[in-house]
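Let me begin by presenting the structure, written as structure tokens, before commenting on it.
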Amino acid sequence: MALSDHLRAKDWTFTGTSRVAQRRNEFALYVLIGSLGMFFFAALLGYVLIRLHALRVGDKVPPIELPWILWVSTAFAVVGSGFLWRALRSVRRERQDLFRPQLVAAFLLGAAFCVTQTIGLSFVLRDHLAVMRARPPAPAATEQPPQRPTIIVPPLGGLPQGLPSNPAPMADYPVRTRPEMTLHLEGLLFVLILLHALHFVAGMIALTIVTRRGLAGRYDHEYHGGVRLCALYWRFLDVVWIALFGTFLLTT
């Protein structure tokens, strides 16, 4: 193979052609995963805290009904990620006969994961929104908060004539209490599902590109950074989905 053909066969898009470039891109992926993970888990923590607050104040929060297809999608995610890591080990050993079938298997399982996730999470969101919207509205408050009297701030030259020289202290004025707020979970649940959907759509796009390049022979034992980055991202997807699925299981 000529040098120009050899260079064109390499994966310039994902990792470049040097170990320094591979480490740089891997570090960038770790930063991206850390940022996405902190944002997602913060939203997940907010969902749990708001739900606990709603239960503490006596609000009726319906449980989340999980369809059986989400269990199937979990299996697809774990097994597909396992095939992707097997493909990475195979290409490191220059086992192209094992690498390509394992990469195709990971792609098919990833596609099945995306399809089953879309179906299952659409059922979860639809049923939860229907139950939340069917709740009776909260009764409106009839008692009006007390009105604050006018507070006169004396000028620097002293009080004007005709006004009392000793106005009432601030402690004597009534304090308006904050009205009770009803916390709803529909919006936050939608945000969680939307974030997770964006995560696995991005992972599926990356897996599609890596599979196409792998079948074209652009990975070998020296240049396989794209496969490693994709495997790391799909492992992150596994962790995110298991955390989200486990939270839904605990709130059923």
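Scheme for the structure tokens: letters A, B, ... for chains in order shown; per-chain residue numbers from 1; ligand numbers from 1 in order shown.
Residue neighbourhood of A:Ser81, excluding near-sequence residues (fewer than 4 positions): A:Ala75, A:Phe76, A:Ala77, A:Trp85, A:Arg86, A:Ala87, A:Ala105, A:Ala106, A:Phe107, A:Leu109, A:Gly110, A:Cys230, A:Ala231, A:Leu232, A:Tyr233, A:Trp234, A:Arg235, A:Phe236, A:Leu237, A:Asp238, at 10 Å, using only C-alpha atoms.
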At a cut-off of 10 Å, can you tabulate as a Markdown table every residue of stretch 38-123 of chain A near stretch 199-202 of chain A together with its closest atom pair and the distance in Å to one decimal, using only C-alpha atoms and ordering rows by chain then number?
| residue | atom | partner | partner_atom | distance |
| --- | --- | --- | --- | --- |
| A:Gly110 | CA | A:Phe200 | CA | 8.9 |
| A:Ala111 | CA | A:Val201 | CA | 9.7 |
| A:Phe113 | CA | A:Phe200 | CA | 8.8 |
| A:Cys114 | CA | A:Phe200 | CA | 6.8 |
| A:Gln117 | CA | A:Phe200 | CA | 9.1 |
Exercise. Could you check which of A:Gly80, A:Leu192, A:Gly226, A:Arg126 is closest to A:Ala42, using only C-alpha atoms?
Key: A:Leu192
Self-check item: Among the residues A:Gly82, A:Gly46, A:Gly34, A:Gly203, the one that comes closest to A:Val191 [using only C-alpha atoms]
Solution: A:Gly46
Quiz item: Please, what distance in Å, to one decimal, runs between atom CA of A:Arg100 and atom CA of A:Leu29?
Solution: 23.9 Å
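Between atom CA of A:Arg228 and atom CA of A:Gly37 there is a distance of 18.9 Å.
Near A:Arg89, within 10 Å and counting only C-alpha atoms, sit Phe83, Leu84, Trp85, Arg86, Ala87, Val91, Arg92, Arg93, Glu94, Arg95, Leu98, Phe99, His221, His224, Val227 and Arg228 of chain A, not including residues fewer than 2 positions from it in the same chain.
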Exercise. Write out as a list in words the residues lying within 12 Å of A:Phe248, counting only C-alpha atoms and excluding same-chain residues fewer than 4 positions away.
Key: Leu44, Tyr47, Val48, Arg51, Pro62, Pro63, Ile64, Glu65, Leu66, Pro67, Leu70, Leu121, Val124, Leu125, His128, Leu189, Leu192, Ile193, Trp241, Ile242, Ala243, Leu244 and Thr252 of chain A
For N, CA and C atoms, I'd like the residues from the last selection saved as a PDB file, in the first residue's frame.
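New file result03.pdb:
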ATOM      1  N   LEU A  44     -31.262  15.038  37.985  1.00  0.00           N
ATOM      2  CA  LEU A  44     -31.830  13.856  38.629  1.00  0.00           C
ATOM      3  C   LEU A  44     -31.989  14.069  40.131  1.00  0.00           C
ATOM      4  N   TYR A  47     -34.962  16.283  40.730  1.00  0.00           N
ATOM      5  CA  TYR A  47     -36.218  15.534  40.603  1.00  0.00           C
ATOM      6  C   TYR A  47     -36.528  14.770  41.893  1.00  0.00           C
ATOM      7  N   VAL A  48     -35.514  14.116  42.454  1.00  0.00           N
ATOM      8  CA  VAL A  48     -35.727  13.351  43.689  1.00  0.00           C
ATOM      9  C   VAL A  48     -36.109  14.271  44.837  1.00  0.00           C
ATOM     10  N   ARG A  51     -39.658  15.642  44.416  1.00  0.00           N
ATOM     11  CA  ARG A  51     -40.638  14.585  44.680  1.00  0.00           C
ATOM     12  C   ARG A  51     -40.766  14.323  46.175  1.00  0.00           C
ATOM     13  N   PRO A  62     -48.211  10.743  41.697  1.00  0.00           N
ATOM     14  CA  PRO A  62     -48.430   9.394  41.181  1.00  0.00           C
ATOM     15  C   PRO A  62     -47.102   8.694  40.925  1.00  0.00           C
ATOM     16  N   PRO A  63     -47.038   7.385  41.115  1.00  0.00           N
ATOM     17  CA  PRO A  63     -45.815   6.655  40.792  1.00  0.00           C
ATOM     18  C   PRO A  63     -45.593   6.584  39.292  1.00  0.00           C
ATOM     19  N   ILE A  64     -44.361   6.328  38.910  1.00  0.00           N
ATOM     20  CA  ILE A  64     -44.018   6.212  37.500  1.00  0.00           C
ATOM     21  C   ILE A  64     -44.182   4.755  37.080  1.00  0.00           C
ATOM     22  N   GLU A  65     -45.040   4.506  36.124  1.00  0.00           N
ATOM     23  CA  GLU A  65     -45.264   3.164  35.619  1.00  0.00           C
ATOM     24  C   GLU A  65     -44.228   2.864  34.533  1.00  0.00           C
ATOM     25  N   LEU A  66     -43.437   1.833  34.758  1.00  0.00           N
ATOM     26  CA  LEU A  66     -42.370   1.478  33.829  1.00  0.00           C
ATOM     27  C   LEU A  66     -42.810   0.298  32.961  1.00  0.00           C
ATOM     28  N   PRO A  67     -42.858   0.459  31.649  1.00  0.00           N
ATOM     29  CA  PRO A  67     -43.214  -0.664  30.790  1.00  0.00           C
ATOM     30  C   PRO A  67     -42.098  -1.695  30.726  1.00  0.00           C
ATOM     31  N   LEU A  70     -38.581  -1.349  28.769  1.00  0.00           N
ATOM     32  CA  LEU A  70     -37.389  -0.676  29.298  1.00  0.00           C
ATOM     33  C   LEU A  70     -36.400  -1.677  29.871  1.00  0.00           C
ATOM     34  N   LEU A 121     -39.815   5.215  26.872  1.00  0.00           N
ATOM     35  CA  LEU A 121     -39.860   6.519  27.526  1.00  0.00           C
ATOM     36  C   LEU A 121     -41.035   7.365  27.048  1.00  0.00           C
ATOM     37  N   VAL A 124     -43.782   6.213  29.255  1.00  0.00           N
ATOM     38  CA  VAL A 124     -43.613   6.749  30.607  1.00  0.00           C
ATOM     39  C   VAL A 124     -44.066   8.203  30.661  1.00  0.00           C
ATOM     40  N   LEU A 125     -43.607   9.010  29.714  1.00  0.00           N
ATOM     41  CA  LEU A 125     -43.954  10.427  29.717  1.00  0.00           C
ATOM     42  C   LEU A 125     -45.443  10.635  29.473  1.00  0.00           C
ATOM     43  N   HIS A 128     -47.462   9.466  32.678  1.00  0.00           N
ATOM     44  CA  HIS A 128     -47.223  10.325  33.830  1.00  0.00           C
ATOM     45  C   HIS A 128     -47.900  11.684  33.645  1.00  0.00           C
ATOM     46  N   LEU A 189     -39.395  15.988  34.739  1.00  0.00           N
ATOM     47  CA  LEU A 189     -39.355  14.654  34.146  1.00  0.00           C
ATOM     48  C   LEU A 189     -39.114  14.745  32.641  1.00  0.00           C
ATOM     49  N   LEU A 192     -35.416  15.464  32.068  1.00  0.00           N
ATOM     50  CA  LEU A 192     -34.593  14.268  32.241  1.00  0.00           C
ATOM     51  C   LEU A 192     -34.661  13.356  31.021  1.00  0.00           C
ATOM     52  N   ILE A 193     -35.861  13.109  30.538  1.00  0.00           N
ATOM     53  CA  ILE A 193     -36.020  12.230  29.384  1.00  0.00           C
ATOM     54  C   ILE A 193     -35.408  12.868  28.136  1.00  0.00           C
ATOM     55  N   TRP A 241     -28.130   5.698  32.040  1.00  0.00           N
ATOM     56  CA  TRP A 241     -29.426   5.029  31.948  1.00  0.00           C
ATOM     57  C   TRP A 241     -29.722   4.197  33.197  1.00  0.00           C
ATOM     58  N   ILE A 242     -28.725   3.491  33.721  1.00  0.00           N
ATOM     59  CA  ILE A 242     -28.949   2.681  34.926  1.00  0.00           C
ATOM     60  C   ILE A 242     -29.318   3.584  36.104  1.00  0.00           C
ATOM     61  N   ALA A 243     -28.674   4.767  36.207  1.00  0.00           N
ATOM     62  CA  ALA A 243     -29.030   5.700  37.278  1.00  0.00           C
ATOM     63  C   ALA A 243     -30.452   6.211  37.107  1.00  0.00           C
ATOM     64  N   LEU A 244     -30.834   6.559  35.880  1.00  0.00           N
ATOM     65  CA  LEU A 244     -32.203   7.044  35.637  1.00  0.00           C
ATOM     66  C   LEU A 244     -33.233   5.941  35.849  1.00  0.00           C
ATOM     67  N   THR A 252     -41.539   4.050  42.086  1.00  0.00           N
ATOM     68  CA  THR A 252     -42.773   3.376  41.680  1.00  0.00           C
ATOM     69  C   THR A 252     -43.586   2.959  42.890  1.00  0.00           C
TER      70      THR A 252
END
